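Everything below belongs to input-v4.cif, which stores mmCIF, C-alpha atoms.
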```
data_start
loop_
_atom_site.group_PDB
_atom_site.id
_atom_site.type_symbol
_atom_site.label_atom_id
_atom_site.label_comp_id
_atom_site.auth_asym_id
_atom_site.auth_seq_id
_atom_site.Cartn_x
_atom_site.Cartn_y
_atom_site.Cartn_z
ATOM 1 C CA MET G 25 -7.910 7.051 70.680
ATOM 2 C CA THR G 26 -5.673 5.554 73.395
ATOM 3 C CA ASN G 27 -5.717 6.785 76.999
ATOM 4 C CA GLN G 28 -8.366 9.341 76.131
ATOM 5 C CA GLU G 29 -11.911 9.454 77.375
ATOM 6 C CA SER G 30 -14.646 9.312 74.756
ATOM 7 C CA TRP G 31 -17.519 11.687 75.380
ATOM 8 C CA ILE G 32 -20.396 13.491 73.699
ATOM 9 C CA ASP G 33 -21.837 16.690 75.179
ATOM 10 C CA ILE G 34 -25.315 18.045 74.623
ATOM 11 C CA VAL G 35 -24.860 21.406 72.927
ATOM 12 C CA THR G 36 -26.836 23.860 75.030
ATOM 13 C CA PRO G 37 -27.240 27.491 73.954
ATOM 14 C CA ASN G 38 -24.410 28.419 76.337
ATOM 15 C CA ILE G 39 -22.032 25.788 74.926
ATOM 16 C CA LYS G 40 -22.939 26.789 71.381
ATOM 17 C CA GLY G 41 -22.116 30.405 72.227
ATOM 18 C CA ASP G 42 -18.791 29.333 73.723
ATOM 19 C CA ILE G 43 -17.888 27.345 70.590
ATOM 20 C CA GLU G 44 -18.745 30.333 68.408
ATOM 21 C CA ARG G 45 -16.551 32.580 70.554
ATOM 22 C CA ILE G 46 -13.624 30.170 70.157
ATOM 23 C CA ALA G 47 -14.197 30.241 66.384
ATOM 24 C CA ILE G 48 -13.953 34.047 66.405
ATOM 25 C CA GLU G 49 -10.812 33.961 68.562
ATOM 26 C CA ALA G 50 -9.197 31.384 66.245
ATOM 27 C CA TYR G 51 -10.044 33.546 63.229
ATOM 28 C CA THR G 52 -8.607 36.637 64.933
ATOM 29 C CA ASN G 53 -5.412 34.792 65.850
ATOM 30 C CA ALA G 54 -5.079 33.462 62.302
ATOM 31 C CA CYS G 55 -5.323 37.017 60.982
ATOM 32 C CA ASP G 56 -2.625 38.164 63.422
ATOM 33 C CA ILE G 57 -0.313 35.327 62.354
ATOM 34 C CA LEU G 58 -0.884 36.089 58.671
ATOM 35 C CA LYS G 59 -0.214 39.778 59.298
ATOM 36 C CA ASP G 60 3.082 38.900 61.009
ATOM 37 C CA ALA G 61 3.998 36.711 58.022
ATOM 38 C CA LYS G 62 3.418 39.595 55.623
ATOM 39 C CA ILE G 63 5.599 41.870 57.730
ATOM 40 C CA LEU G 64 8.411 39.318 57.504
ATOM 41 C CA MET G 65 7.914 39.011 53.738
ATOM 42 C CA ARG G 66 8.354 42.771 53.361
ATOM 43 C CA GLU G 67 11.668 42.377 55.192
ATOM 44 C CA ASP G 68 12.664 39.575 52.817
ATOM 45 C CA ARG G 69 12.431 37.002 55.621
ATOM 46 C CA TYR G 70 10.592 34.521 53.451
ATOM 47 C CA ALA G 71 11.467 31.287 55.254
ATOM 48 C CA ARG G 72 10.014 32.309 58.619
ATOM 49 C CA ALA G 73 7.140 34.047 56.843
ATOM 50 C CA GLY G 74 6.235 30.838 55.028
ATOM 51 C CA ALA G 75 6.131 28.855 58.270
ATOM 52 C CA LEU G 76 3.792 31.427 59.814
ATOM 53 C CA VAL G 77 1.565 31.399 56.732
ATOM 54 C CA ILE G 78 1.053 27.653 57.124
ATOM 55 C CA LEU G 79 0.265 28.113 60.826
ATOM 56 C CA SER G 80 -2.361 30.698 59.881
ATOM 57 C CA GLU G 81 -3.980 28.128 57.588
ATOM 58 C CA GLU G 82 -4.315 25.767 60.544
ATOM 59 C CA GLU G 83 -6.014 28.463 62.615
ATOM 60 C CA PHE G 84 -8.403 29.469 59.818
ATOM 61 C CA SER G 85 -9.289 25.789 59.407
ATOM 62 C CA LYS G 86 -9.896 25.486 63.145
ATOM 63 C CA ALA G 87 -12.208 28.508 63.060
ATOM 64 C CA PHE G 88 -14.245 26.992 60.226
ATOM 65 C CA ILE G 89 -14.536 23.574 61.891
ATOM 66 C CA LEU G 90 -15.688 25.194 65.138
ATOM 67 C CA PHE G 91 -18.278 27.151 63.184
ATOM 68 C CA VAL G 92 -19.586 23.911 61.670
ATOM 69 C CA CYS G 93 -19.697 22.325 65.145
ATOM 70 C CA ALA G 94 -21.809 25.195 66.450
ATOM 71 C CA GLN G 95 -24.169 25.062 63.461
ATOM 72 C CA GLN G 96 -24.587 21.277 63.672
ATOM 73 C CA ASN G 97 -24.775 21.219 67.491
ATOM 74 C CA ARG G 98 -21.804 18.890 67.761
ATOM 75 C CA TRP G 99 -19.266 18.793 70.584
ATOM 76 C CA ASP G 100 -17.549 15.504 71.367
ATOM 77 C CA SER G 101 -14.174 13.928 72.108
ATOM 78 C CA GLU G 102 -13.445 13.106 68.449
ATOM 79 C CA ILE G 103 -13.633 16.694 67.264
ATOM 80 C CA PHE G 104 -12.092 18.060 70.473
ATOM 81 C CA TYR G 105 -8.906 15.997 70.186
ATOM 82 C CA ALA G 106 -8.722 16.588 66.430
ATOM 83 C CA LEU G 107 -8.614 20.329 67.082
ATOM 84 C CA LYS G 108 -6.186 20.120 69.998
ATOM 85 C CA LYS G 109 -3.450 17.939 68.502
ATOM 86 C CA HIS G 110 -0.988 19.316 65.973
ATOM 87 C CA PRO G 111 -1.004 16.316 63.584
ATOM 88 C CA GLU G 112 -4.792 16.324 63.443
ATOM 89 C CA LYS G 113 -4.859 20.077 62.805
ATOM 90 C CA GLN G 114 -2.595 19.532 59.821
ATOM 91 C CA GLY G 115 -5.033 16.881 58.592
ATOM 92 C CA ILE G 116 -7.911 19.304 58.993
ATOM 93 C CA ALA G 117 -6.016 21.939 57.015
ATOM 94 C CA LYS G 118 -5.417 19.427 54.228
ATOM 95 C CA ALA G 119 -9.068 18.417 54.134
ATOM 96 C CA MET G 120 -10.182 22.029 54.267
ATOM 97 C CA ARG G 121 -8.142 22.861 51.170
ATOM 98 C CA GLU G 122 -10.260 20.314 49.299
ATOM 99 C CA TYR G 123 -13.505 21.494 50.872
ATOM 100 C CA PHE G 124 -12.762 25.180 50.266
ATOM 101 C CA GLU G 125 -12.360 24.363 46.566
ATOM 102 C CA TRP G 126 -15.924 23.057 46.535
ATOM 103 C CA PHE G 127 -17.193 25.901 48.705
ATOM 104 C CA VAL G 128 -15.791 28.694 46.541
ATOM 105 C CA ASP G 129 -17.034 27.077 43.321
ATOM 106 C CA ASN G 130 -20.514 26.547 44.799
ATOM 107 C CA TYR G 131 -20.650 30.046 46.279
ATOM 108 C CA ASN G 132 -19.635 31.735 43.021
ATOM 109 C CA LEU G 133 -22.145 29.641 41.058
ATOM 110 C CA VAL G 134 -25.046 30.618 43.338
ATOM 111 C CA ILE G 135 -24.063 34.298 43.288
ATOM 112 C CA LYS G 136 -23.981 34.211 39.484
ATOM 113 C CA MET G 137 -27.401 32.508 39.330
ATOM 114 C CA ASN G 138 -28.884 35.081 41.722
ATOM 115 C CA GLN G 139 -28.169 37.854 39.224
ATOM 116 C CA PHE G 140 -31.119 36.595 37.169
ATOM 117 C CA ALA G 141 -33.326 35.131 39.945
ATOM 118 C CA PHE G 142 -36.480 36.693 41.389
ATOM 119 C CA VAL G 143 -35.912 34.773 44.652
ATOM 120 C CA PRO G 144 -32.186 34.692 45.500
ATOM 121 C CA ALA G 145 -30.808 31.344 46.639
ATOM 122 C CA THR G 146 -28.597 31.033 49.718
ATOM 123 C CA PRO G 147 -25.206 29.416 49.059
ATOM 124 C CA SER G 148 -24.565 26.283 51.077
ATOM 125 C CA MET G 149 -21.853 26.902 53.671
ATOM 126 C CA LEU G 150 -21.887 23.650 55.597
ATOM 127 C CA PRO G 151 -20.565 20.285 54.448
ATOM 128 C CA SER G 152 -23.024 17.412 54.241
ATOM 129 C CA GLN G 153 -22.854 14.729 56.938
ATOM 130 C CA LYS G 154 -20.964 12.510 54.492
ATOM 131 C CA GLN G 155 -18.476 15.273 53.651
ATOM 132 C CA TRP G 156 -18.070 16.009 57.356
ATOM 133 C CA LYS G 157 -17.215 12.400 58.224
ATOM 134 C CA GLU G 158 -14.738 12.203 55.365
ATOM 135 C CA MET G 159 -13.154 15.475 56.452
ATOM 136 C CA ILE G 160 -12.665 14.390 60.055
ATOM 137 C CA GLY G 161 -11.508 10.944 58.929
ATOM 138 C CA LYS G 162 -8.669 12.546 57.001
ATOM 139 C CA THR G 163 -7.315 14.077 60.214
ATOM 140 C CA LYS G 164 -6.180 10.606 61.302
ATOM 141 C CA LYS G 165 -3.456 10.432 58.681
ATOM 142 C CA GLY G 166 0.083 10.678 60.039
ATOM 143 C CA ILE G 167 1.703 14.078 60.077
ATOM 144 C CA LYS G 168 4.807 12.748 58.307
ATOM 145 C CA LYS G 169 2.655 12.034 55.266
ATOM 146 C CA GLU G 170 1.434 15.630 55.087
ATOM 147 C CA LYS G 171 3.410 17.518 52.450
ATOM 148 C CA LYS G 172 2.548 20.945 53.868
ATOM 149 C CA GLU G 173 3.910 19.991 57.285
ATOM 150 C CA ARG G 174 7.190 18.763 55.809
ATOM 151 C CA TYR G 175 7.453 22.027 53.903
ATOM 152 C CA LYS G 176 6.889 24.029 57.084
ATOM 153 C CA GLN G 177 9.644 22.106 58.832
ATOM 154 C CA ALA G 178 12.005 22.783 55.914
ATOM 155 C CA LEU G 179 11.294 26.503 56.250
ATOM 156 C CA LEU G 180 12.379 26.443 59.884
ATOM 157 C CA TYR G 181 15.158 23.900 60.218
ATOM 158 C CA VAL G 182 18.282 22.703 58.423
ATOM 159 C CA GLY G 183 17.644 19.146 57.232
ATOM 160 C CA PHE G 184 20.268 16.429 56.777
ATOM 161 C CA ASP G 185 20.508 12.717 55.991
ATOM 162 C CA ARG G 186 22.396 9.797 57.484
ATOM 163 C CA THR G 187 25.449 10.555 55.332
ATOM 164 C CA ALA G 188 25.686 13.962 57.038
ATOM 165 C CA LYS G 189 24.673 15.814 53.865
ATOM 166 C CA VAL G 190 22.389 18.840 54.065
ATOM 167 C CA THR G 191 19.028 18.067 52.466
ATOM 168 C CA SER G 192 17.295 21.406 53.052
ATOM 169 C CA ASN G 193 18.180 24.854 54.332
ATOM 170 C CA PRO G 194 15.762 27.716 55.107
ATOM 171 C CA LYS G 195 18.115 30.210 53.485
ATOM 172 C CA ASN G 196 17.408 28.553 50.138
ATOM 173 C CA VAL G 197 13.676 29.235 50.349
ATOM 174 C CA ASN G 198 11.755 29.688 47.090
ATOM 175 C CA LYS G 199 10.051 33.071 47.384
ATOM 176 C CA LYS G 200 7.428 32.207 44.764
ATOM 177 C CA GLU G 201 6.340 29.136 46.759
ATOM 178 C CA VAL G 202 5.935 31.209 49.908
ATOM 179 C CA GLU G 203 3.949 33.836 48.007
ATOM 180 C CA ASP G 204 1.673 31.087 46.652
ATOM 181 C CA CYS G 205 1.166 29.757 50.181
ATOM 182 C CA CYS G 206 0.255 33.260 51.308
ATOM 183 C CA LYS G 207 -2.378 33.542 48.568
ATOM 184 C CA GLU G 208 -3.859 30.233 49.687
ATOM 185 C CA ALA G 209 -3.985 31.417 53.316
ATOM 186 C CA GLU G 210 -5.782 34.562 52.174
ATOM 187 C CA ARG G 211 -8.283 32.325 50.418
ATOM 188 C CA PHE G 212 -8.808 30.402 53.661
ATOM 189 C CA LYS G 213 -9.437 33.739 55.376
ATOM 190 C CA GLU G 214 -11.996 34.810 52.780
ATOM 191 C CA VAL G 215 -14.008 31.605 53.027
ATOM 192 C CA VAL G 216 -14.047 31.693 56.836
ATOM 193 C CA GLU G 217 -15.282 35.277 56.672
ATOM 194 C CA ILE G 218 -18.072 34.330 54.271
ATOM 195 C CA ALA G 219 -19.119 31.498 56.592
ATOM 196 C CA LEU G 220 -19.052 33.466 59.838
ATOM 197 C CA SER G 221 -20.522 36.743 58.551
ATOM 198 C CA GLY G 222 -24.165 37.031 59.520
ATOM 199 C CA GLN G 223 -24.066 33.671 61.284
ATOM 200 C CA ILE G 224 -22.223 34.493 64.509
ATOM 201 C CA ALA G 225 -23.131 37.554 66.542
ATOM 202 C CA GLY G 226 -20.190 39.814 67.203
ATOM 203 C CA PHE G 227 -18.135 38.644 64.246
ATOM 204 C CA THR G 228 -16.287 41.403 62.401
ATOM 205 C CA LYS G 229 -14.105 40.955 59.363
ATOM 206 C CA ILE G 230 -10.468 41.910 59.955
ATOM 207 C CA MET G 231 -8.577 43.772 57.261
ATOM 208 C CA ILE G 232 -4.886 42.933 56.852
#
```
Could I get this file's structure written as structure tokens?
Amino acid sequence: MTNQESWIDIVTPNIKGDIERIAIEAYTNACDILKDAKILMREDRYARAGALVILSEEEFSKAFILFVCAQQNRWDSEIFYALKKHPEKQGIAKAMREYFEWFVDNYNLVIKMNQFAFVPATPSMLPSQKQWKEMIGKTKKGIKKEKKERYKQALLYVGFDRTAKVTSNPKNVNKKEVEDCCKEAERFKEVVEIALSGQIAGFTKIMI
């Protein structure tokens, strides 16, 4: 982390409340971005819609990470810069796709087991310390290696190579791919809502 101060703050009740409020604001913004994307899709503007969908994923991921920070009383320079920089946010989104897979499977399994249990179990919502370190470690990978980021760029800009040949053009967007991305963003939204509901005062699920 060059030219950046390393620090660790003690998470007081006030700081924890502030982190939770940022998580709610990030979730709300992600919902707004996703809503805008759906409006564009209805107008057959799939390229721009796809780029916004990917941005909404980043914001949902940010909301979830902030929630974990509040629950684990963590606030330091490593997580702060990971959430502030665009490349690191893309890394978080990539890691969260893997973590959400585990989360949804675990959540559905516990809910199914509770149908026959006298004492219902509470699904685990937080990653273990090992999972957390692996997740944050993945944010250090270069943005150029992140497939989703390259796809977002292709949805926004005309690409070309050194022979002056066009390599990608937003007008040639694959609608099915954008629709799949939208479904994944909606899944991000659902998991964030499950995590924040009942855990953060003032949180309200937003319908899109």
- With only C-alpha atoms counted, which protein, DNA or RNA residues have an atom no more than 8 Å from (-10.9, 23.0, 66.4) in the file frame? Please answer as a ChimeraX atom specification. /G:47,85-87,89-90,103-104,106-108,113
Using C-alpha atoms, can you export the residues from the last selection as a compact mmCIF listing (two decimals), in the coordinates of the input?
```txt
# COMPACT_ATOMS: atom_id res chain seq x y z
CA ALA G 47 -14.20 30.24 66.38
CA SER G 85 -9.29 25.79 59.41
CA LYS G 86 -9.90 25.49 63.14
CA ALA G 87 -12.21 28.51 63.06
CA ILE G 89 -14.54 23.57 61.89
CA LEU G 90 -15.69 25.19 65.14
CA ILE G 103 -13.63 16.69 67.26
CA PHE G 104 -12.09 18.06 70.47
CA ALA G 106 -8.72 16.59 66.43
CA LEU G 107 -8.61 20.33 67.08
CA LYS G 108 -6.19 20.12 70.00
CA LYS G 113 -4.86 20.08 62.80
```
- Query: So what does the PyMOL selection byres ((chain G and resi 74) around 10) actually pick up in this one, as a VMD selection string?
  - Reply: chain G and resid 58 61 to 62 64 to 65 69 to 73 75 to 80 175 to 176 178 to 180 197 to 199 201 to 206
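When only C-alpha atoms are used to measure the gap to G:Glu81, the shortest distance among G:Ile57, G:Ile63, G:Ile48, G:Ala209 belongs to G:Ala209.
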- Please measure the separation of atom CA of G:Ile43 and atom CA of G:Ala94, giving the value in Å to one decimal.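 It comes out at 6.1 Å.
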- Within 9 Å of G:Trp31, counting all atoms listed in the file, which residues show up once you throw out same-chain ones fewer than 5 positions away? Write them as a PyMOL selection string, please. chain G and resi 99-102
Can you list, as a PDB file with C-alpha atoms, in the coordinates of the input, every protein, DNA or RNA residue that comes within 9 Å of G:Glu217 when you count only C-alpha atoms, leaving out same-chain residues fewer than 5 positions away?
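Output contents, as saved in result-v8.pdb:
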```
ATOM      1  CA  TYR G  51     -10.044  33.546  63.229  1.00  0.00           C
ATOM      2  CA  PHE G 212      -8.808  30.402  53.661  1.00  0.00           C
ATOM      3  CA  PHE G 227     -18.135  38.644  64.246  1.00  0.00           C
ATOM      4  CA  THR G 228     -16.287  41.403  62.401  1.00  0.00           C
ATOM      5  CA  LYS G 229     -14.105  40.955  59.363  1.00  0.00           C
ATOM      6  CA  ILE G 230     -10.468  41.910  59.955  1.00  0.00           C
TER       7      ILE G 230
END
```
- Just how far from atom CA of G:Lys195 is atom CA of G:Arg174, in Å to one decimal?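 Answer for the atom CA of G:Arg174 to atom CA of G:Lys195 separation: 16.0 Å.
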- Enumerate, as a VMD selection string, the protein, DNA and RNA residues whose atoms approach (-25.6, 25.6, 72.0) to within 10 Å, taking into account all atoms listed in the file and the coordinate frame of the file. chain G and resid 34 to 44 93 to 99
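Nearest residue to G:Asn53, choosing from G:Asn193, G:Phe84, G:Met137, G:Ile32 and counting all atoms listed in the file: G:Phe84.
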- What does the distance from atom CA of G:Asn196 to atom CA of G:Gly183 come to in Å, to one decimal?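 Spanning atom CA of G:Asn196 to atom CA of G:Gly183 is a straight-line distance of 11.8 Å.
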Draw an axis-aligned box over all listed atoms of stretch 95-109 of chain G, pad each side with 6 Å, and write its centre and edge lengths in Å, one decimal, as JSON.
```
{"center_x": -14.1, "center_y": 19.1, "center_z": 67.8, "size_x": 33.3, "size_y": 24.0, "size_z": 20.6}
```
- Message: Taking only C-alpha atoms into account, name the residue in G:Glu83, G:Glu214, G:Glu125, G:Glu67 that is nearest to G:Glu49.
- Response: G:Glu83
- Query: Given the choices G:Lys59, G:Lys207, G:Ile218, G:Phe88, which gets closest to G:Ile46 if the distance is worked out from all atoms listed in the file?
  - Reply: G:Phe88
Would you mind writing stretch 51-76 of chain G with N, CA, C and O atoms, as a PDB file, keeping the file's coordinate frame?
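Below is the file out-v7.pdb, written as the result:
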```pdb
ATOM      1  N   TYR G  51     -10.114  32.721  64.437  1.00  0.00           N
ATOM      2  CA  TYR G  51     -10.044  33.546  63.229  1.00  0.00           C
ATOM      3  C   TYR G  51      -9.169  34.773  63.469  1.00  0.00           C
ATOM      4  O   TYR G  51      -8.305  35.114  62.643  1.00  0.00           O
ATOM      5  N   THR G  52      -9.379  35.437  64.603  1.00  0.00           N
ATOM      6  CA  THR G  52      -8.607  36.637  64.933  1.00  0.00           C
ATOM      7  C   THR G  52      -7.124  36.307  65.046  1.00  0.00           C
ATOM      8  O   THR G  52      -6.263  37.049  64.536  1.00  0.00           O
ATOM      9  N   ASN G  53      -6.805  35.198  65.709  1.00  0.00           N
ATOM     10  CA  ASN G  53      -5.412  34.792  65.850  1.00  0.00           C
ATOM     11  C   ASN G  53      -4.795  34.455  64.497  1.00  0.00           C
ATOM     12  O   ASN G  53      -3.638  34.802  64.225  1.00  0.00           O
ATOM     13  N   ALA G  54      -5.569  33.793  63.644  1.00  0.00           N
ATOM     14  CA  ALA G  54      -5.079  33.462  62.302  1.00  0.00           C
ATOM     15  C   ALA G  54      -4.747  34.728  61.523  1.00  0.00           C
ATOM     16  O   ALA G  54      -3.739  34.799  60.820  1.00  0.00           O
ATOM     17  N   CYS G  55      -5.587  35.742  61.661  1.00  0.00           N
ATOM     18  CA  CYS G  55      -5.323  37.017  60.982  1.00  0.00           C
ATOM     19  C   CYS G  55      -4.044  37.660  61.509  1.00  0.00           C
ATOM     20  O   CYS G  55      -3.246  38.213  60.736  1.00  0.00           O
ATOM     21  N   ASP G  56      -3.836  37.593  62.827  1.00  0.00           N
ATOM     22  CA  ASP G  56      -2.625  38.164  63.422  1.00  0.00           C
ATOM     23  C   ASP G  56      -1.379  37.441  62.912  1.00  0.00           C
ATOM     24  O   ASP G  56      -0.361  38.073  62.605  1.00  0.00           O
ATOM     25  N   ILE G  57      -1.450  36.107  62.838  1.00  0.00           N
ATOM     26  CA  ILE G  57      -0.313  35.327  62.354  1.00  0.00           C
ATOM     27  C   ILE G  57      -0.014  35.665  60.897  1.00  0.00           C
ATOM     28  O   ILE G  57       1.146  35.846  60.502  1.00  0.00           O
ATOM     29  N   LEU G  58      -1.067  35.763  60.084  1.00  0.00           N
ATOM     30  CA  LEU G  58      -0.884  36.089  58.671  1.00  0.00           C
ATOM     31  C   LEU G  58      -0.307  37.489  58.504  1.00  0.00           C
ATOM     32  O   LEU G  58       0.545  37.727  57.640  1.00  0.00           O
ATOM     33  N   LYS G  59      -0.754  38.413  59.342  1.00  0.00           N
ATOM     34  CA  LYS G  59      -0.214  39.778  59.298  1.00  0.00           C
ATOM     35  C   LYS G  59       1.276  39.775  59.630  1.00  0.00           C
ATOM     36  O   LYS G  59       2.081  40.448  58.968  1.00  0.00           O
ATOM     37  N   ASP G  60       1.667  39.004  60.653  1.00  0.00           N
ATOM     38  CA  ASP G  60       3.082  38.900  61.009  1.00  0.00           C
ATOM     39  C   ASP G  60       3.894  38.326  59.840  1.00  0.00           C
ATOM     40  O   ASP G  60       5.019  38.763  59.564  1.00  0.00           O
ATOM     41  N   ALA G  61       3.311  37.324  59.165  1.00  0.00           N
ATOM     42  CA  ALA G  61       3.998  36.711  58.022  1.00  0.00           C
ATOM     43  C   ALA G  61       4.246  37.742  56.924  1.00  0.00           C
ATOM     44  O   ALA G  61       5.322  37.778  56.317  1.00  0.00           O
ATOM     45  N   LYS G  62       3.269  38.581  56.669  1.00  0.00           N
ATOM     46  CA  LYS G  62       3.418  39.595  55.623  1.00  0.00           C
ATOM     47  C   LYS G  62       4.466  40.638  55.993  1.00  0.00           C
ATOM     48  O   LYS G  62       5.182  41.149  55.123  1.00  0.00           O
ATOM     49  N   ILE G  63       4.565  40.944  57.283  1.00  0.00           N
ATOM     50  CA  ILE G  63       5.599  41.870  57.730  1.00  0.00           C
ATOM     51  C   ILE G  63       6.979  41.283  57.458  1.00  0.00           C
ATOM     52  O   ILE G  63       7.892  41.967  56.973  1.00  0.00           O
ATOM     53  N   LEU G  64       7.141  39.994  57.754  1.00  0.00           N
ATOM     54  CA  LEU G  64       8.411  39.318  57.504  1.00  0.00           C
ATOM     55  C   LEU G  64       8.727  39.263  56.003  1.00  0.00           C
ATOM     56  O   LEU G  64       9.883  39.413  55.597  1.00  0.00           O
ATOM     57  N   MET G  65       7.706  39.049  55.190  1.00  0.00           N
ATOM     58  CA  MET G  65       7.914  39.011  53.738  1.00  0.00           C
ATOM     59  C   MET G  65       8.415  40.354  53.222  1.00  0.00           C
ATOM     60  O   MET G  65       9.266  40.411  52.342  1.00  0.00           O
ATOM     61  N   ARG G  66       7.904  41.441  53.788  1.00  0.00           N
ATOM     62  CA  ARG G  66       8.354  42.771  53.361  1.00  0.00           C
ATOM     63  C   ARG G  66       9.818  43.003  53.745  1.00  0.00           C
ATOM     64  O   ARG G  66      10.509  43.812  53.121  1.00  0.00           O
ATOM     65  N   GLU G  67      10.276  42.286  54.761  1.00  0.00           N
ATOM     66  CA  GLU G  67      11.668  42.377  55.192  1.00  0.00           C
ATOM     67  C   GLU G  67      12.531  41.310  54.528  1.00  0.00           C
ATOM     68  O   GLU G  67      13.675  41.095  54.920  1.00  0.00           O
ATOM     69  N   ASP G  68      11.955  40.623  53.549  1.00  0.00           N
ATOM     70  CA  ASP G  68      12.664  39.575  52.817  1.00  0.00           C
ATOM     71  C   ASP G  68      13.032  38.384  53.706  1.00  0.00           C
ATOM     72  O   ASP G  68      14.009  37.687  53.451  1.00  0.00           O
ATOM     73  N   ARG G  69      12.231  38.148  54.737  1.00  0.00           N
ATOM     74  CA  ARG G  69      12.431  37.002  55.621  1.00  0.00           C
ATOM     75  C   ARG G  69      11.414  35.925  55.225  1.00  0.00           C
ATOM     76  O   ARG G  69      10.506  35.579  55.961  1.00  0.00           O
ATOM     77  N   TYR G  70      11.598  35.390  54.042  1.00  0.00           N
ATOM     78  CA  TYR G  70      10.592  34.521  53.451  1.00  0.00           C
ATOM     79  C   TYR G  70      10.460  33.163  54.130  1.00  0.00           C
ATOM     80  O   TYR G  70       9.363  32.592  54.187  1.00  0.00           O
ATOM     81  N   ALA G  71      11.540  32.608  54.637  1.00  0.00           N
ATOM     82  CA  ALA G  71      11.467  31.287  55.254  1.00  0.00           C
ATOM     83  C   ALA G  71      10.560  31.305  56.479  1.00  0.00           C
ATOM     84  O   ALA G  71       9.619  30.510  56.598  1.00  0.00           O
ATOM     85  N   ARG G  72      10.834  32.211  57.408  1.00  0.00           N
ATOM     86  CA  ARG G  72      10.014  32.309  58.619  1.00  0.00           C
ATOM     87  C   ARG G  72       8.588  32.740  58.260  1.00  0.00           C
ATOM     88  O   ARG G  72       7.620  32.297  58.877  1.00  0.00           O
ATOM     89  N   ALA G  73       8.467  33.605  57.269  1.00  0.00           N
ATOM     90  CA  ALA G  73       7.140  34.047  56.843  1.00  0.00           C
ATOM     91  C   ALA G  73       6.316  32.866  56.344  1.00  0.00           C
ATOM     92  O   ALA G  73       5.130  32.726  56.668  1.00  0.00           O
ATOM     93  N   GLY G  74       6.949  31.991  55.558  1.00  0.00           N
ATOM     94  CA  GLY G  74       6.235  30.838  55.028  1.00  0.00           C
ATOM     95  C   GLY G  74       5.733  29.922  56.114  1.00  0.00           C
ATOM     96  O   GLY G  74       4.613  29.392  56.051  1.00  0.00           O
ATOM     97  N   ALA G  75       6.549  29.714  57.158  1.00  0.00           N
ATOM     98  CA  ALA G  75       6.131  28.855  58.270  1.00  0.00           C
ATOM     99  C   ALA G  75       4.915  29.460  58.980  1.00  0.00           C
ATOM    100  O   ALA G  75       3.966  28.745  59.335  1.00  0.00           O
ATOM    101  N   LEU G  76       4.925  30.769  59.165  1.00  0.00           N
ATOM    102  CA  LEU G  76       3.792  31.427  59.814  1.00  0.00           C
ATOM    103  C   LEU G  76       2.538  31.362  58.944  1.00  0.00           C
ATOM    104  O   LEU G  76       1.425  31.207  59.456  1.00  0.00           O
TER     105      LEU G  76
END
```
